[in-house]
Every structure is written in C-alpha cells, then in structure tokens.
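Just run_12.cif here, mmCIF, C-alpha atoms:
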```cif
data_data
loop_
_atom_site.group_PDB
_atom_site.id
_atom_site.type_symbol
_atom_site.label_atom_id
_atom_site.label_comp_id
_atom_site.auth_asym_id
_atom_site.auth_seq_id
_atom_site.Cartn_x
_atom_site.Cartn_y
_atom_site.Cartn_z
ATOM 1 C CA GLY A 1 121.518 141.261 104.293
ATOM 2 C CA GLY A 2 123.445 138.280 102.868
ATOM 3 C CA GLY A 3 123.013 136.376 106.141
ATOM 4 C CA GLY A 4 119.287 137.079 106.130
ATOM 5 C CA GLY A 5 119.040 135.750 102.579
ATOM 6 C CA GLY A 6 120.920 132.593 103.544
ATOM 7 C CA GLY A 7 118.647 132.062 106.523
ATOM 8 C CA GLY A 8 115.585 132.501 104.334
ATOM 9 C CA GLY A 9 116.966 129.983 101.858
ATOM 10 C CA GLY A 10 117.568 127.490 104.653
ATOM 11 C CA GLY A 11 114.072 127.994 106.001
ATOM 12 C CA GLY A 12 112.641 127.373 102.558
ATOM 13 C CA GLY A 13 114.234 123.910 102.488
ATOM 14 C CA GLY A 14 111.082 122.500 104.055
ATOM 15 C CA GLY A 15 111.461 120.362 107.155
ATOM 16 C CA ASP A 16 115.280 120.272 107.174
ATOM 17 C CA TRP A 17 115.478 121.530 110.788
ATOM 18 C CA GLY A 18 119.160 122.466 110.531
ATOM 19 C CA GLY A 19 122.105 120.161 111.041
ATOM 20 C CA ALA A 20 125.535 119.770 112.580
ATOM 21 C CA PRO A 21 129.088 118.756 111.620
ATOM 22 C CA LEU A 22 129.999 115.172 112.534
ATOM 23 C CA PRO A 23 133.502 113.711 112.964
ATOM 24 C CA LEU A 24 134.710 111.961 109.796
ATOM 25 C CA LEU A 25 131.323 112.465 108.123
ATOM 26 C CA GLY A 26 131.242 116.231 107.722
ATOM 27 C CA TYR A 27 128.061 118.268 107.814
ATOM 28 C CA ALA A 28 124.856 116.250 108.179
ATOM 29 C CA ARG A 29 121.237 117.339 108.248
ATOM 30 C CA SER A 30 119.221 116.657 111.356
ATOM 31 C CA THR A 31 117.097 114.107 109.512
ATOM 32 C CA GLU A 32 120.255 112.229 108.480
ATOM 33 C CA ILE A 33 121.528 112.275 112.066
ATOM 34 C CA ALA A 34 118.197 110.927 113.339
ATOM 35 C CA ALA A 35 118.135 108.196 110.684
ATOM 36 C CA TYR A 36 121.733 107.231 111.466
ATOM 37 C CA ALA A 37 121.034 107.059 115.220
ATOM 38 C CA LEU A 38 117.910 104.938 114.651
ATOM 39 C CA SER A 39 119.691 102.513 112.325
ATOM 40 C CA VAL A 40 122.639 102.063 114.699
ATOM 41 C CA SER A 41 120.266 101.522 117.640
ATOM 42 C CA LEU A 42 118.302 98.869 115.752
ATOM 43 C CA ALA A 43 121.501 97.117 114.651
ATOM 44 C CA VAL A 44 122.884 97.035 118.199
ATOM 45 C CA ALA A 45 119.557 95.802 119.594
ATOM 46 C CA TRP A 46 119.414 93.068 116.928
ATOM 47 C CA PHE A 47 122.962 91.962 117.743
ATOM 48 C CA VAL A 48 122.197 91.757 121.476
ATOM 49 C CA VAL A 49 119.089 89.666 120.790
ATOM 50 C CA SER A 50 121.055 87.396 118.423
ATOM 51 C CA LEU A 51 123.386 86.398 121.271
ATOM 52 C CA GLY A 52 120.520 84.738 123.116
ATOM 53 C CA GLU A 53 119.481 81.100 122.725
ATOM 54 C CA GLY A 54 116.594 80.543 120.321
ATOM 55 C CA ALA A 55 116.883 84.039 118.885
ATOM 56 C CA GLN A 56 115.330 82.892 115.609
ATOM 57 C CA ASP A 57 112.014 82.497 117.444
ATOM 58 C CA VAL A 58 112.032 86.134 118.575
ATOM 59 C CA THR A 59 109.923 88.185 116.175
ATOM 60 C CA PHE A 60 112.146 91.253 116.429
ATOM 61 C CA TYR A 61 115.228 89.190 115.513
ATOM 62 C CA TRP A 62 114.054 87.633 112.252
ATOM 63 C CA VAL A 63 111.988 90.651 111.150
ATOM 64 C CA MET A 64 114.953 93.013 111.547
ATOM 65 C CA GLN A 65 117.272 90.493 109.880
ATOM 66 C CA ASP A 66 114.938 90.442 106.870
ATOM 67 C CA VAL A 67 114.735 94.261 106.871
ATOM 68 C CA PHE A 68 118.539 94.487 106.898
ATOM 69 C CA GLY A 69 118.743 91.950 104.090
ATOM 70 C CA LEU A 70 116.129 93.754 102.020
ATOM 71 C CA SER A 71 117.970 97.058 102.468
ATOM 72 C CA LEU A 72 121.221 95.463 101.340
ATOM 73 C CA CYS A 73 119.556 93.982 98.246
ATOM 74 C CA VAL A 74 118.006 97.333 97.300
ATOM 75 C CA LEU A 75 121.340 99.132 97.776
ATOM 76 C CA PHE A 76 123.195 96.555 95.700
ATOM 77 C CA LEU A 77 120.698 96.532 92.828
ATOM 78 C CA SER A 78 120.553 100.323 92.736
ATOM 79 C CA THR A 79 124.354 100.515 92.540
ATOM 80 C CA VAL A 80 125.449 97.579 90.360
ATOM 81 C CA ARG A 81 124.011 97.248 86.852
ATOM 82 C CA LEU A 82 124.743 94.813 84.040
ATOM 83 C CA PRO A 83 125.560 96.255 80.603
ATOM 84 C CA SER A 84 124.396 93.290 78.511
ATOM 85 C CA LEU A 85 122.883 89.826 78.512
ATOM 86 C CA ARG A 86 126.330 88.394 77.750
ATOM 87 C CA VAL A 87 127.702 89.560 81.114
ATOM 88 C CA ALA A 88 124.551 88.273 82.822
ATOM 89 C CA CYS A 89 125.082 84.831 81.280
ATOM 90 C CA TYR A 90 128.679 84.625 82.503
ATOM 91 C CA LEU A 91 127.743 85.728 86.016
ATOM 92 C CA LEU A 92 124.605 83.611 86.447
ATOM 93 C CA LEU A 93 126.084 80.450 84.941
ATOM 94 C CA ALA A 94 129.086 80.727 87.283
ATOM 95 C CA ALA A 95 126.741 81.188 90.265
ATOM 96 C CA PHE A 96 124.622 78.269 88.992
ATOM 97 C CA LEU A 97 127.608 75.884 89.038
ATOM 98 C CA TYR A 98 128.882 77.302 92.343
ATOM 99 C CA ASP A 99 125.553 76.694 94.060
ATOM 100 C CA ILE A 100 125.255 73.125 92.796
ATOM 101 C CA PHE A 101 128.827 72.270 93.775
ATOM 102 C CA PHE A 102 128.564 73.495 97.362
ATOM 103 C CA VAL A 103 125.159 71.907 98.002
ATOM 104 C CA PHE A 104 125.354 68.553 96.195
ATOM 105 C CA LEU A 105 129.046 67.808 95.585
ATOM 106 C CA THR A 106 130.712 68.931 98.816
ATOM 107 C CA PRO A 107 128.987 66.083 100.785
ATOM 108 C CA LEU A 108 131.057 63.677 98.665
ATOM 109 C CA ILE A 109 134.222 65.439 99.844
ATOM 110 C CA PHE A 110 133.437 66.640 103.390
ATOM 111 C CA GLU A 111 130.555 64.246 104.251
ATOM 112 C CA LYS A 112 128.184 67.202 104.613
ATOM 113 C CA SER A 113 126.894 70.036 102.464
ATOM 114 C CA VAL A 114 129.130 73.023 103.223
ATOM 115 C CA MET A 115 126.589 75.592 102.067
ATOM 116 C CA ILE A 116 123.673 74.120 104.030
ATOM 117 C CA HIS A 117 125.860 73.670 107.124
ATOM 118 C CA VAL A 118 127.069 77.278 107.037
ATOM 119 C CA ALA A 119 123.709 78.805 106.141
ATOM 120 C CA THR A 120 121.803 76.999 108.893
ATOM 121 C CA GLY A 121 124.457 77.654 111.534
ATOM 122 C CA GLY A 122 125.329 73.978 112.016
ATOM 123 C CA ASP A 123 123.649 70.597 112.286
ATOM 124 C CA GLY A 124 119.996 70.057 113.141
ATOM 125 C CA PRO A 125 118.564 68.307 116.218
ATOM 126 C CA THR A 126 120.780 65.552 117.631
ATOM 127 C CA THR A 127 118.323 64.108 120.169
ATOM 128 C CA ASP A 128 115.685 61.443 119.513
ATOM 129 C CA PRO A 129 112.837 63.090 117.507
ATOM 130 C CA GLN A 130 110.228 61.517 119.809
ATOM 131 C CA VAL A 131 111.872 63.172 122.806
ATOM 132 C CA CYS A 132 112.066 66.497 120.970
ATOM 133 C CA GLU A 133 108.391 66.302 120.073
ATOM 134 C CA LYS A 134 107.440 66.091 123.756
ATOM 135 C CA TYR A 135 110.210 68.287 125.158
ATOM 136 C CA PRO A 136 111.272 70.770 122.454
ATOM 137 C CA SER A 137 113.415 72.758 124.904
ATOM 138 C CA THR A 138 115.655 69.779 125.677
ATOM 139 C CA ASP A 139 119.356 70.140 124.891
ATOM 140 C CA GLY A 140 119.988 68.828 121.391
ATOM 141 C CA CYS A 141 116.498 69.625 120.126
ATOM 142 C CA ARG A 142 117.155 73.213 119.107
ATOM 143 C CA VAL A 143 118.888 74.241 115.912
ATOM 144 C CA PRO A 144 121.466 77.082 115.911
ATOM 145 C CA ASN A 145 120.663 80.566 114.684
ATOM 146 C CA PRO A 146 120.968 80.775 110.872
ATOM 147 C CA LEU A 147 123.564 82.881 109.100
ATOM 148 C CA PRO A 148 122.334 86.511 109.077
ATOM 149 C CA MET A 149 123.101 86.998 105.356
ATOM 150 C CA LEU A 150 119.770 85.570 104.252
ATOM 151 C CA PHE A 151 116.025 85.953 104.577
ATOM 152 C CA SER A 152 114.588 83.921 107.420
ATOM 153 C CA ILE A 153 111.017 83.087 108.470
ATOM 154 C CA PRO A 154 110.590 80.728 111.476
ATOM 155 C CA ARG A 155 108.717 77.501 110.908
ATOM 156 C CA ILE A 156 105.336 77.399 112.602
ATOM 157 C CA ASN A 157 104.377 74.519 114.929
ATOM 158 C CA ASP A 158 107.603 72.610 114.236
ATOM 159 C CA TYR A 159 109.195 71.085 117.352
ATOM 160 C CA ARG A 160 112.567 71.077 115.617
ATOM 161 C CA GLY A 161 112.526 74.860 115.360
ATOM 162 C CA GLY A 162 114.568 76.349 112.570
ATOM 163 C CA SER A 163 113.534 78.648 109.745
ATOM 164 C CA SER A 164 112.746 78.713 106.072
ATOM 165 C CA LEU A 165 115.763 80.337 104.439
ATOM 166 C CA LEU A 166 116.477 82.189 101.209
ATOM 167 C CA GLY A 167 119.973 83.503 100.552
ATOM 168 C CA LEU A 168 120.456 87.111 99.515
ATOM 169 C CA GLY A 169 122.372 85.903 96.479
ATOM 170 C CA ASP A 170 119.243 84.096 95.288
ATOM 171 C CA ILE A 171 117.594 87.520 95.088
ATOM 172 C CA VAL A 172 120.477 89.789 94.073
ATOM 173 C CA LEU A 173 121.916 87.734 91.197
ATOM 174 C CA PRO A 174 118.642 87.122 89.321
ATOM 175 C CA GLY A 175 117.719 90.673 90.342
ATOM 176 C CA LEU A 176 120.600 92.025 88.252
ATOM 177 C CA LEU A 177 119.106 90.336 85.199
ATOM 178 C CA MET A 178 115.621 91.608 86.053
ATOM 179 C CA SER A 179 117.030 95.115 86.509
ATOM 180 C CA LEU A 180 118.506 94.915 83.011
ATOM 181 C CA ALA A 181 115.129 93.740 81.696
ATOM 182 C CA ARG A 182 113.360 96.666 83.363
ATOM 183 C CA ARG A 183 115.839 99.177 81.933
ATOM 184 C CA ILE A 184 115.334 97.774 78.430
ATOM 185 C CA ASP A 185 111.551 98.085 78.759
ATOM 186 C CA LEU A 186 111.818 101.664 80.040
ATOM 187 C CA SER A 187 114.292 102.599 77.292
ATOM 188 C CA ASP A 188 111.958 101.261 74.609
ATOM 189 C CA THR A 189 109.081 103.284 76.064
ATOM 190 C CA ILE A 190 111.065 106.512 76.419
ATOM 191 C CA LYS A 191 112.614 106.263 72.953
ATOM 192 C CA GLY A 192 109.361 105.311 71.226
ATOM 193 C CA ARG A 193 110.459 101.787 70.358
ATOM 194 C CA LYS A 194 107.768 99.998 72.380
ATOM 195 C CA ASP A 195 105.755 97.456 70.381
ATOM 196 C CA ARG A 196 102.604 96.309 72.195
ATOM 197 C CA SER A 197 102.380 93.237 69.967
ATOM 198 C CA LYS A 198 105.594 91.860 71.505
ATOM 199 C CA PRO A 199 106.050 90.700 75.121
ATOM 200 C CA PRO A 200 107.949 92.975 77.560
ATOM 201 C CA TYR A 201 110.963 91.623 79.404
ATOM 202 C CA PHE A 202 110.327 92.560 83.021
ATOM 203 C CA PRO A 203 106.833 91.075 83.629
ATOM 204 C CA VAL A 204 107.878 87.817 81.954
ATOM 205 C CA LEU A 205 111.007 87.575 84.113
ATOM 206 C CA CYS A 206 108.971 88.245 87.279
ATOM 207 C CA CYS A 207 106.760 85.257 86.416
ATOM 208 C CA CYS A 208 109.821 83.130 85.606
ATOM 209 C CA TYR A 209 111.422 84.021 88.941
ATOM 210 C CA ALA A 210 108.234 83.088 90.830
ATOM 211 C CA LEU A 211 108.023 79.750 89.004
ATOM 212 C CA GLY A 212 111.697 79.025 89.701
ATOM 213 C CA LEU A 213 111.253 79.763 93.401
ATOM 214 C CA MET A 214 108.191 77.520 93.497
ATOM 215 C CA MET A 215 110.180 74.720 91.865
ATOM 216 C CA ALA A 216 112.916 75.145 94.500
ATOM 217 C CA ASN A 217 110.348 74.779 97.302
ATOM 218 C CA VAL A 218 108.893 71.683 95.651
ATOM 219 C CA GLY A 219 112.431 70.286 95.442
ATOM 220 C CA VAL A 220 112.901 70.817 99.191
ATOM 221 C CA ILE A 221 109.684 68.889 99.917
ATOM 222 C CA VAL A 222 110.398 66.047 97.486
ATOM 223 C CA MET A 223 114.097 65.560 98.303
ATOM 224 C CA GLU A 224 113.729 66.463 102.006
ATOM 225 C CA GLN A 225 116.859 68.597 102.001
ATOM 226 C CA GLY A 226 117.883 72.155 101.229
ATOM 227 C CA GLN A 227 118.076 73.050 97.556
ATOM 228 C CA PRO A 228 120.363 75.432 95.660
ATOM 229 C CA ALA A 229 117.732 77.952 94.576
ATOM 230 C CA LEU A 230 119.903 79.236 91.738
ATOM 231 C CA MET A 231 119.720 75.788 90.161
ATOM 232 C CA TYR A 232 116.079 76.596 89.410
ATOM 233 C CA LEU A 233 116.162 80.389 89.189
ATOM 234 C CA VAL A 234 119.000 80.748 86.674
ATOM 235 C CA PRO A 235 117.499 78.514 83.935
ATOM 236 C CA MET A 236 114.054 80.038 84.439
ATOM 237 C CA THR A 237 115.131 83.687 84.319
ATOM 238 C CA LEU A 238 117.766 83.334 81.600
ATOM 239 C CA GLY A 239 115.442 81.108 79.601
ATOM 240 C CA GLY A 240 112.644 83.639 79.944
ATOM 241 C CA PHE A 241 114.947 86.474 78.841
ATOM 242 C CA PHE A 242 116.086 84.602 75.726
ATOM 243 C CA TRP A 243 112.489 83.630 74.917
ATOM 244 C CA VAL A 244 111.348 87.256 74.970
ATOM 245 C CA ALA A 245 114.400 88.384 72.995
ATOM 246 C CA ARG A 246 113.692 85.736 70.371
ATOM 247 C CA ARG A 247 110.045 86.777 70.127
ATOM 248 C CA ARG A 248 111.174 90.375 69.652
ATOM 249 C CA GLY A 249 113.884 89.440 67.154
ATOM 250 C CA GLU A 250 116.716 91.070 69.100
ATOM 251 C CA VAL A 251 118.710 88.224 70.635
ATOM 252 C CA ARG A 252 122.029 89.413 69.244
ATOM 253 C CA GLU A 253 121.324 93.033 70.145
ATOM 254 C CA VAL A 254 120.517 92.412 73.823
ATOM 255 C CA PHE A 255 123.268 89.791 74.137
ATOM 256 C CA LEU A 256 125.973 92.206 73.018
ATOM 257 C CA GLY A 257 124.492 95.235 74.782
ATOM 258 C CA LYS A 258 121.359 97.115 73.777
ATOM 259 C CA ASP A 259 121.168 100.887 74.164
ATOM 260 C CA VAL A 260 119.443 101.288 77.547
ATOM 261 C CA ILE A 261 119.077 103.987 80.191
ATOM 262 C CA TRP A 262 121.572 103.950 83.057
ATOM 263 C CA GLU A 263 120.335 106.916 85.069
ATOM 264 C CA GLU A 264 117.261 109.091 84.994
ATOM 265 C CA GLY A 265 117.372 111.191 81.866
ATOM 266 C CA ARG A 266 120.530 109.537 80.581
ATOM 267 C CA GLY A 267 121.004 106.736 78.088
ATOM 268 C CA GLY A 268 123.909 104.568 77.193
ATOM 269 C CA GLY A 269 124.968 101.328 75.595
ATOM 270 C CA GLN A 270 127.920 99.071 75.650
#
```
If you convert what's in this file into structure tokens, what do you get?
Amino acid sequence: GGGGGGGGGGGGGGGDWGGAPLPLLGYARSTEIAAYALSVSLAVAWFVVSLGEGAQDVTFYWVMQDVFGLSLCVLFLSTVRLPSLRVACYLLLAAFLYDIFFVFLTPLIFEKSVMIHVATGGDGPTTDPQVCEKYPSTDGCRVPNPLPMLFSIPRINDYRGGSSLLGLGDIVLPGLLMSLARRIDLSDTIKGRKDRSKPPYFPVLCCCYALGLMMANVGVIVMEQGQPALMYLVPMTLGGFFWVARRRGEVREVFLGKDVIWEEGRGGGQ
C-alpha cells in the first residue's frame, strides 16, 4: 500500500519521467540528465569548432559562445548581490581604474595594450591591407579567435575579419548595481513605499547603461581603437543611481544599505 502511494505521488509530479543515480552527483531526474547531456555535447562541439582556423566566422561558434556567456552572467547575477550603494561604489570604481590602466597605460609599459591584446587573441592583420582586401584568406590577413570570456559578433563585409567584442565584466559589474536598483524598486512596491511622483531606480539605470554603451562605441569609432567600456558605463550608471537617490531624498539611506528584499518573500538590510 505504501509503495502504491509512493508511485502515485511520483506519477503526480507531472512530466518527471523518473530518474537515476549518477556517480558523484547523486540522484538526478531524467530531465536533469537530458539537460546535462545536451549542455556537455554543445560545449564539446563548440570546443572542437574553436580549434579550427577562422572559427569566429562560423555561426555556431560565436552564437554558442554568446549563449555560454549569457548563461554565466545570469548565474552570477542571480547568485551575487550587493548590500548597499557603498559597496557598489568601491567595486565599480576599482574596476573603472583597472580597465583604464590595462587599456591606456599598459602600452606605455609593454608597448601594447595588454587587455586588448588578450581579449582579441593577439595582433591584427600583419600583411599589406591592399593585399588583404583582394585576398582575405592570405596568411597574415586573418585575426586570431577572440578570448571566449566575452560576447562576440563577427564584423560583416570586413576583409580583416575579427569581431565586435564586449567583455562579460562590462555586463556583470554594472549588472550588480542594476540588480540592487531593481530590488529597491520591488521592495518599495511590496512594502507600500512606492511614490509615483519620484523616479524609479531600475528604468533610469537601464537608460544610463544604454547611453554609456553608446558612448563607448562612439569612442571606438573616433579613436580607432578598443575602449574600456567601464570607463563610460561606471560614471553613467553610478551617476544615474545617485541622481535618482537625490531626487528621492534617500542618498544616505541607499548608500549605507536600504532595507531591500534578498529572496522571494524575504526582506533584509545591511
């Protein structure tokens, strides 16, 4: 009778389809096993493709790289959360200086930008540009595959090849601040503190992030070299946060740690 009840309970799980014990992982549902097998297969296939020359031009390669990067960003932002604007200031200002140093100051020491060199996988074309324009497959006309820890979209109709790049840190670090802004907005709504006459944090920060990213792209075009995106994103997002806090009259409160939700149905402050 007890076994029949257990079987009925398992059948009522809805689409679970049983499971099996796995070494080191313990019991796993069949859906988890299928998802794990699919993810490992895609990762192995991506790695095999990445070993080939000109992999950045293969659609599967850069699309899966961006999917992996997006998944990592979502996992990070759903796990790590900032308690206050003060911590965000320390973190983002340190990243701001770090980005500027490795893009603009390392050429004075090492004769090349360390961050750009590492992110792009090495130097660009070494052959005469006129030759590359006619014969783009010639040795010295192709650029190496970029570092996989970034978002990559291949340039279209560019004989030099290469990709437009955006580091995961340029998304994750401002994303921590935007996550804090979203939690503050949700907390105010849940606790009845929302004032429609005052601007919300999250929509303003989304606009600030978009403007900062646009400024970074303009900088690439004007200066004809890669730009440290955080040099534009940090002032825009932090500035936007302080502007909203000032308009709402709670700069000190959010700087030290406002009472915000941490998990669904649970609140907390610093």
- Could you spell out the hits of the PyMOL selection byres ((chain A and resi 66) around 12) on the shown file, as a ChimeraX atom specification? /A:46,56,59-65,67-73,147-154,164-168
- Item | Nearest to A:Phe76 by atom-to-atom distance, counting only C-alpha atoms, from A:Ser179, A:Ser187, A:Asn217, A:Ser197 | A:Ser179
- Kindly extract all protein, DNA and RNA residues lying within 12 Å of the coordinates (115.2, 89.8, 69.9) given in the file, considering all atoms listed in the file, and supply them as a list in words. Leu85, Ile184, Lys198, Pro199, Pro200, Tyr201, Phe241, Phe242, Trp243, Val244, Ala245, Arg246, Arg247, Arg248, Gly249, Glu250, Val251, Arg252, Glu253, Val254, Phe255, Leu256, Gly257 and Lys258 of chain A
- Enter the distance from atom CA of A:Ile100 to atom CA of A:Leu173, in Å, rounded to one decimal.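 A separation of 15.1 Å between them.
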- Just so the selection is clear, what residues does the PyMOL selection byres ((chain A and resi 205) around 8) cover here, as a ChimeraX atom specification? /A:178,181,201-204,206-209,237,240-241
Run through the PyMOL selection byres ((chain A and resi 234) around 12) on the given coordinates and return the selected residues as an mmCIF file with C-alpha atoms, in the frame of the given file.
```cif
data_model
loop_
_atom_site.group_PDB
_atom_site.id
_atom_site.type_symbol
_atom_site.label_atom_id
_atom_site.label_comp_id
_atom_site.auth_asym_id
_atom_site.auth_seq_id
_atom_site.Cartn_x
_atom_site.Cartn_y
_atom_site.Cartn_z
ATOM 1 C CA ALA A 88 124.551 88.273 82.822
ATOM 2 C CA CYS A 89 125.082 84.831 81.280
ATOM 3 C CA TYR A 90 128.679 84.625 82.503
ATOM 4 C CA LEU A 91 127.743 85.728 86.016
ATOM 5 C CA LEU A 92 124.605 83.611 86.447
ATOM 6 C CA LEU A 93 126.084 80.450 84.941
ATOM 7 C CA ALA A 94 129.086 80.727 87.283
ATOM 8 C CA ALA A 95 126.741 81.188 90.265
ATOM 9 C CA PHE A 96 124.622 78.269 88.992
ATOM 10 C CA LEU A 97 127.608 75.884 89.038
ATOM 11 C CA TYR A 98 128.882 77.302 92.343
ATOM 12 C CA ASP A 99 125.553 76.694 94.060
ATOM 13 C CA ILE A 100 125.255 73.125 92.796
ATOM 14 C CA GLY A 169 122.372 85.903 96.479
ATOM 15 C CA ASP A 170 119.243 84.096 95.288
ATOM 16 C CA ILE A 171 117.594 87.520 95.088
ATOM 17 C CA VAL A 172 120.477 89.789 94.073
ATOM 18 C CA LEU A 173 121.916 87.734 91.197
ATOM 19 C CA PRO A 174 118.642 87.122 89.321
ATOM 20 C CA GLY A 175 117.719 90.673 90.342
ATOM 21 C CA LEU A 176 120.600 92.025 88.252
ATOM 22 C CA LEU A 177 119.106 90.336 85.199
ATOM 23 C CA MET A 178 115.621 91.608 86.053
ATOM 24 C CA LEU A 205 111.007 87.575 84.113
ATOM 25 C CA CYS A 208 109.821 83.130 85.606
ATOM 26 C CA TYR A 209 111.422 84.021 88.941
ATOM 27 C CA ALA A 210 108.234 83.088 90.830
ATOM 28 C CA LEU A 211 108.023 79.750 89.004
ATOM 29 C CA GLY A 212 111.697 79.025 89.701
ATOM 30 C CA LEU A 213 111.253 79.763 93.401
ATOM 31 C CA MET A 215 110.180 74.720 91.865
ATOM 32 C CA ALA A 216 112.916 75.145 94.500
ATOM 33 C CA PRO A 228 120.363 75.432 95.660
ATOM 34 C CA ALA A 229 117.732 77.952 94.576
ATOM 35 C CA LEU A 230 119.903 79.236 91.738
ATOM 36 C CA MET A 231 119.720 75.788 90.161
ATOM 37 C CA TYR A 232 116.079 76.596 89.410
ATOM 38 C CA LEU A 233 116.162 80.389 89.189
ATOM 39 C CA PRO A 235 117.499 78.514 83.935
ATOM 40 C CA MET A 236 114.054 80.038 84.439
ATOM 41 C CA THR A 237 115.131 83.687 84.319
ATOM 42 C CA LEU A 238 117.766 83.334 81.600
ATOM 43 C CA GLY A 239 115.442 81.108 79.601
ATOM 44 C CA GLY A 240 112.644 83.639 79.944
ATOM 45 C CA PHE A 241 114.947 86.474 78.841
ATOM 46 C CA PHE A 242 116.086 84.602 75.726
#
```
- atom CA of A:Leu42 to atom CA of A:Leu22, straight-line distance in Å: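 One can read the atom CA of A:Leu22 to atom CA of A:Leu42 distance as 20.3 Å.
Relative to atom CA of A:Leu75, atom CA of A:Ala35 is found at 16.1 Å.
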Atoms are missing here; could stretch 19-37 of chain A be completed with N, CA, C and O atoms and written as a compact mmCIF listing (two decimals), in the frame of the given file?
```
# COMPACT_ATOMS: atom_id res chain seq x y z
N GLY A 19 121.20 121.30 111.05
CA GLY A 19 122.10 120.16 111.04
C GLY A 19 123.31 120.46 111.89
O GLY A 19 123.33 121.44 112.65
N ALA A 20 124.33 119.60 111.77
CA ALA A 20 125.54 119.77 112.58
C ALA A 20 126.68 119.02 111.93
O ALA A 20 126.48 118.01 111.25
N PRO A 21 127.93 119.48 112.14
CA PRO A 21 129.09 118.76 111.62
C PRO A 21 129.38 117.52 112.48
O PRO A 21 129.32 117.58 113.71
N LEU A 22 129.68 116.41 111.83
CA LEU A 22 130.00 115.17 112.53
C LEU A 22 131.43 114.76 112.23
O LEU A 22 131.91 114.96 111.10
N PRO A 23 132.13 114.18 113.21
CA PRO A 23 133.50 113.71 112.96
C PRO A 23 133.54 112.69 111.83
O PRO A 23 132.70 111.77 111.78
N LEU A 24 134.47 112.87 110.92
CA LEU A 24 134.71 111.96 109.80
C LEU A 24 133.63 112.02 108.73
O LEU A 24 133.86 111.62 107.59
N LEU A 25 132.43 112.47 109.06
CA LEU A 25 131.32 112.46 108.12
C LEU A 25 131.05 113.84 107.53
O LEU A 25 130.38 113.96 106.51
N GLY A 26 131.52 114.88 108.19
CA GLY A 26 131.24 116.23 107.72
C GLY A 26 129.86 116.70 108.15
O GLY A 26 129.25 116.14 109.06
N TYR A 27 129.36 117.69 107.45
CA TYR A 27 128.06 118.27 107.81
C TYR A 27 126.94 117.29 107.47
O TYR A 27 126.93 116.67 106.40
N ALA A 28 126.00 117.14 108.39
CA ALA A 28 124.86 116.25 108.18
C ALA A 28 123.59 116.95 108.63
O ALA A 28 123.58 117.64 109.65
N ARG A 29 122.52 116.78 107.87
CA ARG A 29 121.24 117.34 108.25
C ARG A 29 120.68 116.60 109.46
O ARG A 29 121.06 115.46 109.73
N SER A 30 119.78 117.26 110.15
CA SER A 30 119.22 116.66 111.36
C SER A 30 118.46 115.37 111.05
O SER A 30 118.47 114.42 111.84
N THR A 31 117.81 115.33 109.89
CA THR A 31 117.10 114.11 109.51
C THR A 31 118.07 112.95 109.28
O THR A 31 117.78 111.80 109.61
N GLU A 32 119.24 113.26 108.70
CA GLU A 32 120.26 112.23 108.48
C GLU A 32 120.82 111.73 109.81
O GLU A 32 121.06 110.53 109.99
N ILE A 33 121.03 112.66 110.74
CA ILE A 33 121.53 112.28 112.07
C ILE A 33 120.53 111.37 112.77
O ILE A 33 120.89 110.35 113.37
N ALA A 34 119.23 111.74 112.70
CA ALA A 34 118.20 110.93 113.34
C ALA A 34 118.12 109.54 112.71
O ALA A 34 117.99 108.53 113.40
N ALA A 35 118.20 109.48 111.38
CA ALA A 35 118.14 108.20 110.68
C ALA A 35 119.34 107.33 111.04
O ALA A 35 119.22 106.11 111.26
N TYR A 36 120.51 107.96 111.11
CA TYR A 36 121.73 107.23 111.47
C TYR A 36 121.64 106.68 112.89
O TYR A 36 121.97 105.51 113.14
N ALA A 37 121.16 107.51 113.83
CA ALA A 37 121.03 107.06 115.22
C ALA A 37 120.03 105.92 115.34
O ALA A 37 120.26 104.94 116.06
```
